[in-house]
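What follows is the content of query37.csv (CSV, C-alpha atoms and all ligand atoms).
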```
chain,number,residue,atom,x,y,z
A,282,MET,CA,0.6,192.8,111.2
A,283,GLY,CA,2.3,191.9,108.0
A,284,LYS,CA,5.7,190.2,108.0
A,285,LEU,CA,7.4,193.3,106.4
A,286,ASP,CA,5.8,195.8,108.8
A,287,SER,CA,8.0,198.9,109.3
A,288,LYS,CA,10.3,198.0,106.4
A,289,ILE,CA,11.2,200.5,103.6
A,290,ALA,CA,11.5,198.7,100.2
A,291,VAL,CA,12.6,199.6,96.7
A,292,VAL,CA,11.9,197.5,93.6
A,293,THR,CA,13.5,198.3,90.3
A,294,GLY,CA,11.8,197.7,86.9
A,295,ALA,CA,8.6,197.5,88.8
A,296,ALA,CA,6.2,199.1,86.4
A,297,LYS,CA,5.0,195.7,85.0
A,298,GLY,CA,5.8,192.0,84.8
A,299,ILE,CA,7.6,190.3,87.6
A,300,GLY,CA,8.7,193.6,89.2
A,301,ALA,CA,5.0,194.8,89.5
A,302,ALA,CA,4.1,191.5,91.1
A,303,ILE,CA,6.9,191.8,93.6
A,304,ALA,CA,5.8,195.4,94.5
A,305,SER,CA,2.3,194.1,95.0
A,306,ARG,CA,3.4,191.2,97.2
A,307,LEU,CA,5.7,193.4,99.4
A,308,PHE,CA,2.8,195.8,99.8
A,309,GLU,CA,0.5,193.0,100.8
A,310,ASP,CA,3.2,191.9,103.3
A,311,GLY,CA,2.8,195.2,105.0
A,312,VAL,CA,5.8,197.4,104.1
A,313,GLU,CA,5.8,200.8,105.7
A,314,ALA,CA,6.8,202.4,102.3
A,315,LEU,CA,7.6,201.2,98.9
A,316,ALA,CA,9.3,202.9,95.9
A,317,VAL,CA,8.4,201.6,92.4
A,318,LEU,CA,11.2,202.5,90.1
A,319,ASP,CA,11.2,202.1,86.3
A,320,LEU,CA,12.2,203.7,83.0
A,321,ASP,CA,8.6,204.0,82.2
A,322,LEU,CA,7.3,206.6,84.7
A,323,GLU,CA,3.7,206.6,83.5
A,324,GLN,CA,3.3,202.8,83.9
A,325,ALA,CA,5.2,202.9,87.2
A,326,GLU,CA,2.7,205.5,88.5
A,327,ALA,CA,-0.2,203.4,87.4
A,328,THR,CA,1.2,200.4,89.2
A,329,ALA,CA,1.9,202.4,92.4
A,330,LYS,CA,-1.6,204.0,92.3
A,331,ALA,CA,-3.3,200.6,91.9
A,332,LEU,CA,-1.7,199.5,95.1
A,333,ASP,CA,-2.0,202.7,97.1
A,334,PRO,CA,-4.4,205.3,95.7
A,335,SER,CA,-3.4,207.8,98.5
A,336,GLY,CA,0.2,207.8,97.4
A,337,GLU,CA,1.3,207.9,101.0
A,338,LYS,CA,3.0,204.5,101.2
A,339,VAL,CA,3.8,203.7,97.6
A,340,ILE,CA,5.6,206.2,95.3
A,341,ALA,CA,6.7,205.8,91.7
A,342,MET,CA,9.9,207.3,90.4
A,343,LYS,CA,11.6,207.3,87.1
A,344,CYS,CA,15.0,205.6,87.3
A,345,ASP,CA,17.2,204.2,84.5
A,346,VAL,CA,19.2,201.7,86.6
A,347,SER,CA,22.0,201.7,84.0
A,348,ASN,CA,22.7,205.4,84.7
A,349,ARG,CA,24.8,205.7,87.9
A,350,ASP,CA,24.0,209.5,88.4
A,351,GLU,CA,20.3,208.9,88.1
A,352,VAL,CA,20.5,205.9,90.5
A,353,ASN,CA,22.4,208.0,93.1
A,354,SER,CA,20.0,210.9,92.8
A,355,VAL,CA,16.8,208.7,93.0
A,356,PHE,CA,18.1,206.6,96.0
A,357,GLY,CA,19.3,209.8,97.6
A,358,LYS,CA,15.7,211.2,97.4
A,359,ILE,CA,14.2,207.9,98.7
A,360,ILE,CA,16.6,207.9,101.7
A,361,GLU,CA,15.9,211.5,102.4
A,362,LYS,CA,12.1,210.9,102.3
A,363,PHE,CA,11.9,207.6,104.2
A,364,GLY,CA,15.1,207.7,106.2
A,365,ARG,CA,16.5,204.4,105.0
A,366,VAL,CA,16.2,201.5,102.6
A,367,ASP,CA,15.7,198.0,104.3
A,368,ILE,CA,14.9,196.0,101.3
A,369,LEU,CA,16.3,196.3,97.8
A,370,ILE,CA,15.0,194.2,94.9
A,371,ASN,CA,17.1,194.4,91.8
A,372,ASN,CA,14.6,193.3,89.2
A,373,ALA,CA,15.0,195.5,86.1
A,374,GLY,CA,16.3,193.6,83.2
A,375,ILE,CA,16.3,193.4,79.4
A,376,THR,CA,17.2,190.9,76.6
A,377,LYS,CA,18.7,191.7,73.2
A,378,ASP,CA,19.1,188.2,71.8
A,379,ALA,CA,21.2,187.2,68.8
A,380,MET,CA,23.6,184.3,68.1
A,381,PHE,CA,27.0,185.3,69.2
A,382,HIS,CA,28.5,185.6,65.7
A,383,LYS,CA,25.9,188.2,64.9
A,384,MET,CA,25.7,190.0,68.2
A,385,ASN,CA,26.8,193.7,68.0
A,386,VAL,CA,28.8,195.4,70.7
A,387,GLU,CA,26.0,197.9,71.4
A,388,ASP,CA,23.6,195.2,72.4
A,389,TRP,CA,26.3,193.4,74.4
A,390,ASN,CA,27.0,196.6,76.4
A,391,LYS,CA,23.3,197.6,76.8
A,392,VAL,CA,22.4,194.2,78.4
A,393,ILE,CA,25.5,194.2,80.6
A,394,ASN,CA,24.7,197.8,81.7
A,395,VAL,CA,21.1,197.3,82.5
A,396,ASN,CA,21.3,193.8,84.0
A,397,LEU,CA,24.6,193.8,85.8
A,398,ASN,CA,26.3,197.2,86.1
A,399,SER,CA,23.0,198.5,87.5
A,400,MET,CA,23.4,196.2,90.6
A,401,PHE,CA,26.8,197.8,91.3
A,402,TYR,CA,25.1,201.2,91.3
A,403,THR,CA,22.0,200.4,93.3
A,404,CYS,CA,23.8,198.2,95.9
A,405,GLN,CA,26.4,201.0,96.4
A,406,ALA,CA,23.5,203.5,96.8
A,407,VAL,CA,22.0,201.6,99.7
A,408,ALA,CA,25.2,200.1,101.3
A,409,GLY,CA,25.8,203.0,103.6
A,410,SER,CA,22.2,203.1,104.9
A,411,MET,CA,22.1,199.3,105.4
A,412,ARG,CA,25.6,198.9,106.9
A,413,GLY,CA,25.1,201.8,109.2
A,414,ARG,CA,22.0,200.2,110.7
A,415,ASN,CA,23.2,196.5,110.7
A,416,TYR,CA,20.2,195.5,108.7
A,417,GLY,CA,19.4,194.8,105.0
A,418,LYS,CA,17.8,192.4,102.5
A,419,ILE,CA,19.0,192.5,98.9
A,420,VAL,CA,17.4,190.2,96.3
A,421,ASN,CA,18.9,190.1,92.8
A,422,ILE,CA,16.9,188.7,89.9
A,423,SER,CA,19.1,186.4,87.8
A,424,SER,CA,17.8,183.8,85.3
A,425,ASN,CA,18.2,180.2,84.3
A,426,ALA,CA,20.2,181.7,81.4
A,427,ALA,CA,23.0,182.2,83.9
A,428,TRP,CA,23.8,178.5,83.2
A,429,GLY,CA,24.2,179.4,79.4
A,430,ASN,CA,21.6,179.7,76.7
A,431,ALA,CA,22.2,179.8,72.9
A,432,GLY,CA,21.3,183.2,71.4
A,433,GLN,CA,21.8,185.0,74.8
A,434,ALA,CA,25.6,185.4,75.3
A,435,ASN,CA,25.0,188.9,76.6
A,436,TYR,CA,22.1,188.1,78.8
A,437,SER,CA,23.6,184.8,80.1
A,438,ALA,CA,26.9,186.6,80.9
A,439,SER,CA,25.0,189.4,82.8
A,440,LYS,CA,22.8,186.9,84.7
A,441,GLY,CA,25.8,184.7,85.6
A,442,GLY,CA,27.6,187.8,86.8
A,443,VAL,CA,24.6,188.5,89.0
A,444,LEU,CA,25.1,185.1,90.7
A,445,SER,CA,28.8,185.7,91.6
A,446,PHE,CA,28.1,189.3,92.5
A,447,THR,CA,25.4,188.1,94.9
A,448,ARG,CA,27.7,185.5,96.5
A,449,THR,CA,30.5,188.1,96.9
A,450,LEU,CA,28.2,190.8,98.5
A,451,ALA,CA,26.8,188.1,100.8
A,452,LYS,CA,30.3,187.4,102.1
A,453,GLU,CA,31.2,191.1,102.5
A,454,PHE,CA,27.8,192.2,104.0
A,455,GLY,CA,27.2,189.1,106.2
A,456,PRO,CA,28.9,190.6,109.3
A,457,LYS,CA,26.6,193.6,109.0
A,458,ASN,CA,23.5,191.4,109.1
A,459,ILE,CA,22.7,192.1,105.5
A,460,THR,CA,21.6,189.1,103.4
A,461,VAL,CA,22.1,189.1,99.7
A,462,ASN,CA,20.4,186.4,97.6
A,463,SER,CA,19.3,185.8,94.1
A,464,ILE,CA,16.4,184.2,92.3
A,465,ALA,CA,16.8,182.5,88.9
A,466,PRO,CA,13.4,182.3,87.2
A,467,SER,CA,12.6,180.7,83.9
A,468,LEU,CA,9.7,181.0,81.5
A,469,ILE,CA,7.6,183.4,83.6
A,470,ASP,CA,4.5,184.7,81.9
A,471,THR,CA,5.4,188.3,81.1
A,472,ASP,CA,6.1,190.4,78.0
A,473,MET,CA,9.7,189.2,78.1
A,474,ILE,CA,8.8,185.7,76.9
A,475,LYS,CA,6.3,186.8,74.3
A,476,THR,CA,9.1,187.0,71.6
A,477,ILE,CA,10.1,183.3,72.1
A,478,PRO,CA,9.2,181.5,68.9
A,479,GLU,CA,6.4,179.0,69.4
A,480,GLU,CA,8.5,176.0,68.4
A,481,LEU,CA,11.2,176.8,71.0
A,482,MET,CA,8.5,177.4,73.6
A,483,SER,CA,7.0,174.0,73.0
A,484,MET,CA,10.4,172.4,73.3
A,485,ALA,CA,11.2,174.3,76.5
A,486,LEU,CA,7.8,173.1,78.0
A,487,MET,CA,8.6,169.5,77.1
A,488,LEU,CA,11.8,169.8,79.1
A,489,ASN,CA,10.0,171.3,82.1
A,490,PRO,CA,8.8,168.7,84.6
A,491,MET,CA,5.8,170.9,85.4
A,492,ARG,CA,4.9,171.4,81.7
A,493,ARG,CA,3.8,175.0,82.1
A,494,VAL,CA,5.1,178.5,82.3
A,495,GLY,CA,5.3,180.2,85.8
A,496,GLN,CA,3.2,183.1,87.0
A,497,VAL,CA,4.7,186.3,88.3
A,498,SER,CA,3.1,185.7,91.7
A,499,GLU,CA,5.2,182.5,91.9
A,500,VAL,CA,8.4,184.6,91.7
A,501,ALA,CA,7.0,187.3,94.0
A,502,SER,CA,6.3,184.8,96.8
A,503,VAL,CA,9.9,183.6,96.8
A,504,VAL,CA,11.1,187.2,96.8
A,505,SER,CA,8.8,187.9,99.8
A,506,PHE,CA,10.5,185.0,101.7
A,507,LEU,CA,14.0,186.3,100.9
A,508,ALA,CA,13.0,189.9,101.8
A,509,SER,CA,11.6,188.9,105.2
A,510,ASP,CA,13.2,187.6,108.4
A,511,ASP,CA,11.8,184.2,107.6
A,512,SER,CA,15.1,183.8,105.7
A,513,SER,CA,17.3,185.5,108.3
A,514,TYR,CA,20.1,182.8,108.1
A,515,VAL,CA,20.0,182.4,104.3
A,516,THR,CA,22.5,184.4,102.3
A,517,GLY,CA,24.5,184.0,99.1
A,518,GLU,CA,21.8,181.6,97.8
A,519,CYS,CA,20.2,181.3,94.5
A,520,ILE,CA,16.7,179.9,94.4
A,521,GLN,CA,15.5,178.6,91.0
A,522,VAL,CA,11.9,179.3,90.3
A,523,ASN,CA,11.6,177.3,87.1
A,524,GLY,CA,9.2,174.4,87.5
A,525,GLY,CA,12.3,172.1,87.7
A,526,PHE,CA,13.6,173.1,84.3
A,527,LEU,CA,17.3,172.6,85.1
A,528,ILE,CA,16.9,169.2,86.8
A,529,VAL,CA,19.1,166.7,84.8
A,601,LIG,P1,9.4,192.8,81.6
A,601,LIG,O1,10.0,193.2,80.3
A,601,LIG,O2,7.9,192.4,81.6
A,601,LIG,O3,9.6,194.0,82.7
A,601,LIG,C1,10.8,194.6,82.8
A,601,LIG,C2,10.6,196.0,83.4
A,601,LIG,O4,12.0,196.5,83.6
A,601,LIG,C3,9.9,196.9,82.6
A,601,LIG,O5,8.9,197.6,83.3
A,601,LIG,C4,10.9,197.9,82.0
A,601,LIG,O6,10.5,199.2,81.7
A,601,LIG,C5,11.9,197.9,83.1
A,601,LIG,N1,13.3,198.3,82.7
A,601,LIG,C6,13.9,197.9,81.6
A,601,LIG,N2,15.1,198.6,81.5
A,601,LIG,C7,15.2,199.4,82.6
A,601,LIG,C8,16.1,200.3,83.1
A,601,LIG,N3,17.3,200.5,82.4
A,601,LIG,N4,15.9,200.9,84.2
A,601,LIG,C9,14.8,200.7,84.9
A,601,LIG,N5,13.8,199.8,84.5
A,601,LIG,C10,14.0,199.2,83.4
A,601,LIG,O7,10.3,191.7,82.1
A,601,LIG,P2,10.1,190.6,83.3
A,601,LIG,O8,9.8,189.3,82.6
A,601,LIG,O9,9.1,191.1,84.3
A,601,LIG,O10,11.5,190.5,83.9
A,601,LIG,C11,11.9,191.0,85.2
A,601,LIG,C12,13.2,190.4,85.6
A,601,LIG,O11,13.1,189.0,85.6
A,601,LIG,C13,14.4,190.7,84.6
A,601,LIG,O12,15.6,190.9,85.3
A,601,LIG,C14,14.5,189.4,83.7
A,601,LIG,O13,15.7,189.3,83.2
A,601,LIG,C15,14.2,188.4,84.8
A,601,LIG,N6,13.7,187.1,84.2
A,601,LIG,C16,12.5,187.0,83.6
A,601,LIG,C17,12.2,185.8,83.1
A,601,LIG,C18,10.9,185.5,82.4
A,601,LIG,O14,10.6,184.4,82.0
A,601,LIG,N7,10.0,186.5,82.3
A,601,LIG,C19,13.0,184.7,83.3
A,601,LIG,C20,14.2,184.8,83.9
A,601,LIG,C21,14.6,186.1,84.4
```

Let me see whether you can do it: turn the structure in this file into structure tokens.
Ligand code: NAD
Amino acid sequence: MGKLDSKIAVVTGAAKGIGAAIASRLFEDGVEALAVLDLDLEQAEATAKALDPSGEKVIAMKCDVSNRDEVNSVFGKIIEKFGRVDILINNAGITKDAMFHKMNVEDWNKVINVNLNSMFYTCQAVAGSMRGRNYGKIVNISSNAAWGNAGQANYSASKGGVLSFTRTLAKEFGPKNITVNSIAPSLIDTDMIKTIPEELMSMALMLNPMRRVGQVSEVASVVSFLASDDSSYVTGECIQVNGGFLIV
């Protein structure tokens, strides 16, 4: 018996990085079925197959979370196939960094669309299913950058938006026994941090009490807690998974 027995879960941006680790952890926790969504279908299929070669419990689907029609269509198919969504992990995210005076409007819009507008689409796509059954767990991946980060005005704004969106949904969905929480990671060892210049990385690690980057499994374990009934009276929270980086 796993702690997520009989739960149907969806993870966005789950082909690799933190999302793939979350998918893997939810699978280990015993979910009844899991949908691995990503822009990159080939990689999503490889991730799903590595977990469940039979393809009975874990399915991969292409889904650009910034495209509302695609989100509605994909979530419609998931609900048709499995009957419901119990757990939604909004993980897909991108960066397009530049100092603000050089940031172009395309990169501003792209980041806001993928990181924030997507959550409007996915949460609306599952709201009916969750509200109708008085049960749901939503976990939104934010970032330390929500507190502001030079060179990331678009990303910081999107991730700050995720925090207030999360708190608002928690208030609206609480009466329906749906918890909505967020996680703010920092410096987790994925492709996303590979572009950080070495000098900046050494500085960031100096400011980090734990003096190391985090592992994807260290984010996935916190998601697992928030996706399970171990956190049944926790909602509207943001848990920082950052080695103490923001302690002042
Ligand atoms: P990653 O780049 O390794 O993986 C991101 C995944 O999202 C990829 O598989 C990509 O194909 C997918 N994706 C991108 N755009 C998409 C879209 N429009 N629709 C569907 N899927 C899409 O990144 P990661 O480090 O694993 O980041 C995962 C989440 O964690 C992101 O929201 C990111 O902002 C957040 N985060 C990461 C860190 C870090 O240090 N790595 C820190 C704070 C927050």

* Write as a ChimeraX atom specification the residues around ligand LIG 601 (chain A), taking 7 Å as the cut-off and counting all atoms listed in the file. => /A:293-300,318-321,344-347,372-376,395-396,422-425,465-474

Shell around segment 332-334 of chain A at 9 Å using all atoms listed in the file, local window under 6 positions removed, as a short mmCIF file (atom, residue, chain, number, x, y, z; two decimals) with C-alpha atoms, keeping the file's coordinate frame:
```
data_model
loop_
_atom_site.label_atom_id
_atom_site.label_comp_id
_atom_site.auth_asym_id
_atom_site.auth_seq_id
_atom_site.Cartn_x
_atom_site.Cartn_y
_atom_site.Cartn_z
CA ALA A 304 5.80 195.40 94.50
CA SER A 305 2.30 194.10 95.00
CA PHE A 308 2.80 195.80 99.80
CA GLU A 309 0.50 193.00 100.80
CA ILE A 340 5.60 206.20 95.30
#
```

Distance criterion (all atoms listed in the file): nearest to Met482 of chain A out of A:Leu307, A:Lys452, A:Val494, A:Gly517: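 Checking each of A:Leu307, A:Lys452, A:Val494, A:Gly517 against Met482 of chain A, counting all atoms listed in the file, the winner is A:Val494.
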
Residues within 7 Å of segment 435-451 of chain A, all atoms listed in the file, excluding chain neighbours under 5 positions, as a PDB file with C-alpha atoms, in the coordinates of the input:
```pdb
ATOM      1  CA  THR A 376      17.200 190.900  76.600  1.00  0.00           C
ATOM      2  CA  TRP A 389      26.300 193.400  74.400  1.00  0.00           C
ATOM      3  CA  VAL A 392      22.400 194.200  78.400  1.00  0.00           C
ATOM      4  CA  ILE A 393      25.500 194.200  80.600  1.00  0.00           C
ATOM      5  CA  ASN A 396      21.300 193.800  84.000  1.00  0.00           C
ATOM      6  CA  LEU A 397      24.600 193.800  85.800  1.00  0.00           C
ATOM      7  CA  SER A 423      19.100 186.400  87.800  1.00  0.00           C
ATOM      8  CA  SER A 424      17.800 183.800  85.300  1.00  0.00           C
ATOM      9  CA  ALA A 426      20.200 181.700  81.400  1.00  0.00           C
ATOM     10  CA  ALA A 427      23.000 182.200  83.900  1.00  0.00           C
ATOM     11  CA  TRP A 428      23.800 178.500  83.200  1.00  0.00           C
ATOM     12  CA  GLY A 429      24.200 179.400  79.400  1.00  0.00           C
ATOM     13  CA  ASN A 430      21.600 179.700  76.700  1.00  0.00           C
ATOM     14  CA  THR A 460      21.600 189.100 103.400  1.00  0.00           C
ATOM     15  CA  VAL A 461      22.100 189.100  99.700  1.00  0.00           C
ATOM     16  CA  ASN A 462      20.400 186.400  97.600  1.00  0.00           C
ATOM     17  CA  SER A 463      19.300 185.800  94.100  1.00  0.00           C
ATOM     18  CA  THR A 516      22.500 184.400 102.300  1.00  0.00           C
ATOM     19  CA  GLY A 517      24.500 184.000  99.100  1.00  0.00           C
TER      20      GLY A 517
END
```

- Query: Could you state the separation of atom CA of Gly525 of chain A and atom CA of Asn489 of chain A in Å, given to one decimal place?
  - Reply: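 These atoms are spaced 6.1 Å apart.
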
If we count all atoms listed in the file, what is near Ile464 of chain A at a cut-off of 9 Å, once residues fewer than 4 positions away on the same chain are taken out, given as a compact mmCIF listing (two decimals) with C-alpha atoms, keeping the file's coordinate frame?
```
# COMPACT_ATOMS: atom_id res chain seq x y z
CA VAL A 420 17.40 190.20 96.30
CA ASN A 421 18.90 190.10 92.80
CA ILE A 422 16.90 188.70 89.90
CA SER A 423 19.10 186.40 87.80
CA SER A 424 17.80 183.80 85.30
CA LEU A 444 25.10 185.10 90.70
CA VAL A 500 8.40 184.60 91.70
CA VAL A 503 9.90 183.60 96.80
CA VAL A 504 11.10 187.20 96.80
CA GLU A 518 21.80 181.60 97.80
CA CYS A 519 20.20 181.30 94.50
CA ILE A 520 16.70 179.90 94.40
CA GLN A 521 15.50 178.60 91.00
CA VAL A 522 11.90 179.30 90.30
```
